[in-house]
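Asks: The following file, upload35.pdb, comprises PDB, C-alpha atoms:
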```
ATOM      1  CA  MET A 570     108.417  97.476  88.009
ATOM      2  CA  GLY A 571     105.602  96.456  85.726
ATOM      3  CA  LYS A 572     102.264  95.170  86.823
ATOM      4  CA  ASP A 573     102.066  92.160  84.468
ATOM      5  CA  SER A 574     103.265  90.027  87.371
ATOM      6  CA  PRO A 575     103.828  90.839  91.048
ATOM      7  CA  SER A 576     107.167  92.523  91.658
ATOM      8  CA  ILE A 577     109.621  91.623  94.390
ATOM      9  CA  LEU A 578     112.591  93.710  95.455
ATOM     10  CA  LEU A 579     115.260  91.278  96.667
ATOM     11  CA  VAL A 580     117.955  92.841  98.875
ATOM     12  CA  ASP A 581     121.045  90.815  99.807
ATOM     13  CA  ASP A 582     124.717  91.746  99.907
ATOM     14  CA  GLU A 583     125.765  88.188  98.982
ATOM     15  CA  GLU A 584     125.711  87.938  95.178
ATOM     16  CA  TYR A 585     125.241  84.154  95.163
ATOM     17  CA  MET A 586     122.195  84.314  97.456
ATOM     18  CA  ARG A 587     120.755  87.254  95.509
ATOM     19  CA  ARG A 588     121.068  85.428  92.190
ATOM     20  CA  LEU A 589     119.817  82.079  93.525
ATOM     21  CA  ALA A 590     116.745  83.556  95.230
ATOM     22  CA  GLY A 591     116.147  85.851  92.256
ATOM     23  CA  MET A 592     116.102  82.946  89.797
ATOM     24  CA  THR A 593     113.807  80.932  92.060
ATOM     25  CA  LEU A 594     111.336  83.823  92.312
ATOM     26  CA  GLN A 595     111.468  84.526  88.560
ATOM     27  CA  GLN A 596     110.734  80.870  87.831
ATOM     28  CA  ALA A 597     107.718  81.169  90.138
ATOM     29  CA  GLY A 598     106.396  83.997  87.939
ATOM     30  CA  TYR A 599     107.501  87.104  89.814
ATOM     31  CA  GLU A 600     109.224  90.144  88.386
ATOM     32  CA  VAL A 601     112.405  90.481  90.437
ATOM     33  CA  VAL A 602     114.528  93.566  90.997
ATOM     34  CA  LEU A 603     117.851  93.045  92.771
ATOM     35  CA  ALA A 604     119.652  95.323  95.208
ATOM     36  CA  SER A 605     122.904  94.601  97.015
ATOM     37  CA  THR A 606     122.624  97.254  99.748
ATOM     38  CA  GLY A 607     119.962  98.976 101.807
ATOM     39  CA  ALA A 608     120.757 102.293 100.110
ATOM     40  CA  GLU A 609     120.377 100.697  96.680
ATOM     41  CA  ALA A 610     117.050  99.206  97.799
ATOM     42  CA  LEU A 611     115.754 102.653  98.774
ATOM     43  CA  ALA A 612     116.803 103.993  95.365
ATOM     44  CA  ARG A 613     115.019 101.125  93.571
ATOM     45  CA  ILE A 614     111.850 101.810  95.578
ATOM     46  CA  GLN A 615     111.962 105.452  94.453
ATOM     47  CA  GLU A 616     112.068 104.266  90.827
ATOM     48  CA  ALA A 617     109.062 101.948  91.203
ATOM     49  CA  THR A 618     107.209 100.581  94.213
ATOM     50  CA  PRO A 619     107.495  96.795  94.546
ATOM     51  CA  ASP A 620     104.645  94.565  95.681
ATOM     52  CA  LEU A 621     106.947  92.864  98.205
ATOM     53  CA  ILE A 622     110.432  93.367  99.650
ATOM     54  CA  VAL A 623     112.586  90.418 100.708
ATOM     55  CA  SER A 624     115.629  91.686 102.588
ATOM     56  CA  ASP A 625     118.606  90.108 104.245
ATOM     57  CA  VAL A 626     119.099  91.393 107.786
ATOM     58  CA  MET A 627     122.901  91.322 107.961
ATOM     59  CA  MET A 628     124.318  93.760 105.393
ATOM     60  CA  PRO A 629     127.326  96.055 105.759
ATOM     61  CA  ASP A 630     126.019  99.521 104.839
ATOM     62  CA  MET A 631     122.494  99.476 106.220
ATOM     63  CA  ASP A 632     121.186  96.330 107.837
ATOM     64  CA  GLY A 633     117.737  94.987 107.062
ATOM     65  CA  LEU A 634     116.315  96.246 110.358
ATOM     66  CA  SER A 635     117.448  99.810 109.572
ATOM     67  CA  LEU A 636     115.956  99.491 106.085
ATOM     68  CA  LEU A 637     112.711  98.255 107.614
ATOM     69  CA  ARG A 638     112.643 101.182 110.073
ATOM     70  CA  GLN A 639     112.986 103.658 107.194
ATOM     71  CA  LEU A 640     110.297 101.919 105.159
ATOM     72  CA  ARG A 641     107.826 101.889 108.057
ATOM     73  CA  ALA A 642     108.542 105.560 108.917
ATOM     74  CA  ASP A 643     107.608 106.744 105.401
ATOM     75  CA  ALA A 644     103.906 106.924 104.469
ATOM     76  CA  ALA A 645     104.775 106.076 100.852
ATOM     77  CA  THR A 646     106.425 102.754 101.778
ATOM     78  CA  ARG A 647     104.773 101.893 105.083
ATOM     79  CA  SER A 648     102.339  99.371 103.607
ATOM     80  CA  ILE A 649     104.792  97.412 101.428
ATOM     81  CA  PRO A 650     105.030  93.877 102.846
ATOM     82  CA  VAL A 651     108.558  92.991 104.009
ATOM     83  CA  ILE A 652     110.027  89.549 104.614
ATOM     84  CA  LEU A 653     113.340  89.511 106.478
ATOM     85  CA  VAL A 654     115.903  86.798 105.784
ATOM     86  CA  THR A 655     118.770  86.050 108.136
ATOM     87  CA  ALA A 656     121.129  83.451 109.489
ATOM     88  CA  MET A 657     120.278  84.630 113.021
ATOM     89  CA  ALA A 658     117.831  82.075 114.332
ATOM     90  CA  ARG A 659     117.531  83.385 117.891
ATOM     91  CA  THR A 660     113.951  84.029 118.957
ATOM     92  CA  GLU A 661     114.776  87.558 120.141
ATOM     93  CA  ASP A 662     116.131  88.452 116.682
ATOM     94  CA  VAL A 663     112.968  87.231 114.999
ATOM     95  CA  VAL A 664     110.798  89.078 117.524
ATOM     96  CA  ALA A 665     112.795  92.299 117.003
ATOM     97  CA  GLY A 666     112.152  92.167 113.261
ATOM     98  CA  LEU A 667     108.468  91.433 113.700
ATOM     99  CA  GLU A 668     108.087  94.227 116.262
ATOM    100  CA  LEU A 669     109.586  96.669 113.741
ATOM    101  CA  GLY A 670     106.882  95.696 111.282
ATOM    102  CA  ALA A 671     108.257  92.788 109.258
ATOM    103  CA  ASP A 672     105.488  90.654 107.813
ATOM    104  CA  ASP A 673     107.449  87.422 108.025
ATOM    105  CA  TYR A 674     110.904  86.051 108.757
ATOM    106  CA  LEU A 675     112.900  83.331 106.985
ATOM    107  CA  VAL A 676     116.000  81.780 108.532
ATOM    108  CA  LYS A 677     118.939  80.776 106.298
ATOM    109  CA  PRO A 678     119.411  78.253 104.981
ATOM    110  CA  TYR A 679     115.869  78.033 103.710
ATOM    111  CA  HIS A 680     114.227  75.743 101.202
ATOM    112  CA  PRO A 681     113.163  77.440  97.942
ATOM    113  CA  ALA A 682     109.562  76.338  98.575
ATOM    114  CA  GLU A 683     109.507  78.573 101.647
TER     115      GLU A 683
END
```
What is this file in structure tokens?
Replies:
Amino acid sequence: MGKDSPSILLVDDEEYMRRLAGMTLQQAGYEVVLASTGAEALARIQEATPDLIVSDVMMPDMDGLSLLRQLRADAATRSIPVILVTAMARTEDVVAGLELGADDYLVKPYHPAE
């Protein structure tokens, strides 16, 4: 991930959401790297450290909370900002993500300006 523009690793198992959010972020001037699973996200991070990670919470192989736990447990990735995205709008779900170290939380459906 080059440093000409800030890089965002976008993790979502839904291809449509991944592509839509990816295009929106690219149009806003960010370099975007896509991953469809938590395991793929970890591999992408090993290749190059992103400036920000935006991850869906509900994914089949490794959910976003498990990904966040692994990121926060590793000194090399601990300080990467993480925004969680989910359809779960319950307060306790948001609090759980924030307590694990998420920097922010977006609830689907969200407006691209968010």
Asks: Give me, please, the distance in Å between CA of Ser648 (chain A) and CA of Asp673 (chain A), quoted to one decimal.
Replies: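 Atom-to-atom, CA of Ser648 (chain A) and CA of Asp673 (chain A) are spaced 13.7 Å apart.
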Asks: Around (117.0, 91.5, 101.8), as given in the file, which residues come within 7 Å? Count only C-alpha atoms and list them as a PyMOL selection string.
Replies: chain A and resi 579-581+623-626+633+653-654
Asks: Mind checking which residues fall within 12 Å of Gly598 (chain A), counting all atoms listed in the file, ignoring those fewer than 3 positions away in the same chain, and posting them as a PDB file with C-alpha atoms, in the frame of the given file?
Replies:
```pdb
ATOM      1  CA  LYS A 572     102.264  95.170  86.823  1.00  0.00           C
ATOM      2  CA  ASP A 573     102.066  92.160  84.468  1.00  0.00           C
ATOM      3  CA  SER A 574     103.265  90.027  87.371  1.00  0.00           C
ATOM      4  CA  PRO A 575     103.828  90.839  91.048  1.00  0.00           C
ATOM      5  CA  SER A 576     107.167  92.523  91.658  1.00  0.00           C
ATOM      6  CA  ILE A 577     109.621  91.623  94.390  1.00  0.00           C
ATOM      7  CA  GLY A 591     116.147  85.851  92.256  1.00  0.00           C
ATOM      8  CA  MET A 592     116.102  82.946  89.797  1.00  0.00           C
ATOM      9  CA  THR A 593     113.807  80.932  92.060  1.00  0.00           C
ATOM     10  CA  LEU A 594     111.336  83.823  92.312  1.00  0.00           C
ATOM     11  CA  GLN A 595     111.468  84.526  88.560  1.00  0.00           C
ATOM     12  CA  VAL A 601     112.405  90.481  90.437  1.00  0.00           C
TER      13      VAL A 601
END
```
Asks: Compare A:Met627, A:Ala617, A:Leu637, A:Leu589 by their minimum atom-to-atom distance to Ala671 (chain A), counting all atoms listed in the file, and give me the closest one.
Replies: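 Ranked by minimum distance to Ala671 (chain A), first place goes to A:Leu637.
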Asks: Residues within 10 Å of Arg641 (chain A), please, as a PyMOL selection string. Count all atoms listed in the file; anything in the same chain fewer than 3 positions from it doesn't count.
Replies: chain A and resi 635-638+644-651+669-671
Asks: Between A:Ile652, A:Glu600, A:Ser605, A:Glu668, which has the minimum distance to Met586 (chain A) (counting only C-alpha atoms)?
Replies: A:Ser605
Asks: Please measure the separation of CA of Met628 (chain A) and CA of Ala597 (chain A), giving the value in Å to one decimal.
Replies: 25.8 Å
